[in-house]
Each structure stands twice: as C-alpha cells, then as structure tokens.
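Below you'll find the structure, written out as structure tokens, and then a few comments.
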Amino acid sequence: MKKPLAGAVLAAALLGASAAPAVAAPAPAPAPAAVDLAGTVALSNCSGSVVRTPSSQADDPALVLSNGHCLETGFPAPGEVLVDRPSSRTFTLLDGAGNGVGTLSAAKLAYGTMTDTDVSLYQLGESYAEIESSYGIEALELDAARPTEGTAITVASGYWKRTYSCDIDGFAHQLKEGEWTWKDSVRYTGACETIGGTSGSPVIDDATGKVVAVNNTGNESGGECTDNNPCEVDENGEVTVREGVNYGQQTYTLVPCIGPGSEIDLTRSGCAVPKP
C-alpha cells in the first residue's frame, strides 16, 4: 500500500478565406480542461475526493472516496467488509490550486474493505448542494464504465497537494500484497511515481474528468507479494514483479451499489462488490 502518513488556452485558429464563397468550418471541440485538485480532500493520513454517481441529486449527502487501508480504525482484515459504521472523521476540502477552503465532516463510514478492492466511502453531513454553495466546489463524478488501456490519467493527491500524470498501462488480473488480494487492478505507466500519502487519491480520466480508479499501492523495492511490494498474478497463476510500478483499484463497480440518498445498497442490481 501507499503507506498512510502521519500528518504532513485554449488557442484559437484563424482560417484564411478563399476566393470561392466561404463556408464556415465547424469550431474545433474545446480541449479538455487540465485536471487540477478541485474536489480532492486531505485526510489525516491519506488522500481522497468528494464523489458522486451520474444519478446523484444535489440534496443527497455527499460521499468521500478513499482507500480501505486509510480507515481511522486500521486495515480491515482479509474478507472483512464494513458497512454503515459510525465515524466522525474530518476532511480538508481543496480548490483547484490545492488551497484548503473548508472542513467536511463524516456522518458515517458507508463502506470499507480491502478484499478484492481497496476502497472506503464516507457519507458526509453536508450535501453536494451545500458544499457547492459554501465553497464553489463540485464533486467529481464516478465513471460508470470500465476504463481502457492507454487512457491518459491524472492521480490527484489532496494530502500532498500535487498531481501525477501518466497513462493506464494495463490491468492486473490479481494483485497480491501481503495478506490481501485485489482484482482487475489498474497498472500505471512509469510517469506516475506516486508516494506514501497519495493513497486514496482519485485517478481521473483526463479526457472526461471522471474518476475511474482510486490510487492505492506500488512495488517499492522489488519484493514479491510482500507488504509495499505487490505482485501480479495472471489467470494461469504466473507471478510477475514490477519494481517501481504503481497501481489503483477500479471504481466503476461502486456505481451500481450507491442508491438514492447516497445510501450503499449491496442488494441493488449490478452491485458486485464484496459483501459482509
């Protein structure tokens, strides 16, 4: 895992006119805005982000996404799934430049696990509308579709107030680290040299601005399947170690599990995340 830490022009193009009657060329599609830190949060030991689903309503309680290994109660055991647990955790909300603009408070831990994935979702006391009204910050949207290899991404760390840009290099059938096993993990190309404290950062598709994964680990020293040195295991059981390579866990699987009012409902159609 990316170890939890303790504190720390658009250019316009001019077209020349011809002698023949000119037909206006269609305007070029605007380039996607550069990914910044707006909507990310800093936890006491990790990073995170305020997220919504495509169907979330303005008055729904807001959700904060981070890692299961960032929980204030410690790492969940293999096979352990936490749902609707009391939490009074606070989060520093950041603007695009990384400035703290306010403090958000959890009403509960809605979901948390390190089995098959490494994720936590906190439900806040504030709604999406209240956060936008108070701070001018919109939630990041969770992409409901699985990401694809070659996608340009940005890992946005609220803890370190910095971003890392690279591409999705591929996917690991299984990623094993110590006691834990994660499935269909996102592998980054080498430019995303994430470090401790970036755990829980949203992994954002540069073209859409949507969250496709949550950053969680990397092989730090070439160890095989040990803590801080995850290994990849393919469908045939072959093990591959990629020293210096970093990973995230896909988040499209969460979308079907989030119902009206930002409530986690593990019985909803299409919800296939681990259950207690």
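Just remember, in the structure tokens the first chain shown is A, the second B, etc., residues are 1-based per chain, and ligands are 1-based in the order shown.
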### Task
Give me the residues within 7 Å of Leu140 of chain A as a list in words, counting only C-alpha atoms and dropping any in the same chain fewer than 4 places off.
Gly39, Val50, Val51, Arg52, Lys210 and Val211 of chain A
### Task
Check segment 116-205 of chain A with DSSP on the backbone and list each residue it calls strand (DSSP E or B), as JSON, numbers by chain.
{"A": [116, 119, 120, 121, 122, 123, 124, 125, 126, 127, 140, 141, 142, 152, 153, 154, 155, 156, 157, 162, 163, 164, 165, 166, 167, 168, 169, 170, 171, 172, 173, 174, 175, 176, 177, 180, 181, 182, 183, 184, 185, 186, 187, 188, 202, 203, 204, 205]}
### Message
List as a VMD selection string the protein and nucleic acid residues near Thr148 of chain A, meaning an atom at most 12 Å away when only C-alpha atoms are counted, but skip any in the same chain fewer than 4 places from it.
### Response
chain A and resid 143 152 to 153 167 to 171 184 to 188 205 212 to 213 250 252
### Query
Looking at only C-alpha atoms, which of A:Val245, A:Ala34, A:Leu104, A:Leu175 is the one that sits closest to Cys231 of chain A?
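Nearest candidate to Cys231 of chain A out of A:Val245, A:Ala34, A:Leu104, A:Leu175: A:Leu175.
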#### Entry: Within 7 Å of Thr253 of chain A using only C-alpha atoms, minus same-chain residues under 2 positions, as a list in words
Thr251, Val255, Pro256, Cys271, Ala272 and Val273 of chain A
Go ahead and save the picked residues with N, CA, C and O atoms, as a PDB file, in the first residue's frame.
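selection_11.pdb written:
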ATOM      1  N   THR A 251     -13.157   1.885  -9.938  1.00  0.00           N
ATOM      2  CA  THR A 251     -14.279   2.372  -9.135  1.00  0.00           C
ATOM      3  C   THR A 251     -15.637   2.275  -9.831  1.00  0.00           C
ATOM      4  O   THR A 251     -16.660   2.550  -9.207  1.00  0.00           O
ATOM      5  N   VAL A 255     -20.545   2.153  -8.585  1.00  0.00           N
ATOM      6  CA  VAL A 255     -21.693   2.954  -9.029  1.00  0.00           C
ATOM      7  C   VAL A 255     -23.029   2.230  -8.841  1.00  0.00           C
ATOM      8  O   VAL A 255     -23.983   2.819  -8.308  1.00  0.00           O
ATOM      9  N   PRO A 256     -23.161   0.965  -9.251  1.00  0.00           N
ATOM     10  CA  PRO A 256     -24.458   0.302  -9.077  1.00  0.00           C
ATOM     11  C   PRO A 256     -24.854   0.127  -7.610  1.00  0.00           C
ATOM     12  O   PRO A 256     -26.035  -0.137  -7.322  1.00  0.00           O
ATOM     13  N   CYS A 271     -24.733  -4.603  -8.449  1.00  0.00           N
ATOM     14  CA  CYS A 271     -23.750  -4.367  -7.388  1.00  0.00           C
ATOM     15  C   CYS A 271     -23.004  -5.663  -7.101  1.00  0.00           C
ATOM     16  O   CYS A 271     -23.596  -6.632  -6.609  1.00  0.00           O
ATOM     17  N   ALA A 272     -21.710  -5.674  -7.422  1.00  0.00           N
ATOM     18  CA  ALA A 272     -20.925  -6.911  -7.288  1.00  0.00           C
ATOM     19  C   ALA A 272     -19.706  -6.734  -6.387  1.00  0.00           C
ATOM     20  O   ALA A 272     -18.779  -7.539  -6.447  1.00  0.00           O
ATOM     21  N   VAL A 273     -19.676  -5.684  -5.569  1.00  0.00           N
ATOM     22  CA  VAL A 273     -18.555  -5.517  -4.645  1.00  0.00           C
ATOM     23  C   VAL A 273     -18.674  -6.512  -3.507  1.00  0.00           C
ATOM     24  O   VAL A 273     -19.759  -7.073  -3.246  1.00  0.00           O
TER      25      VAL A 273
END
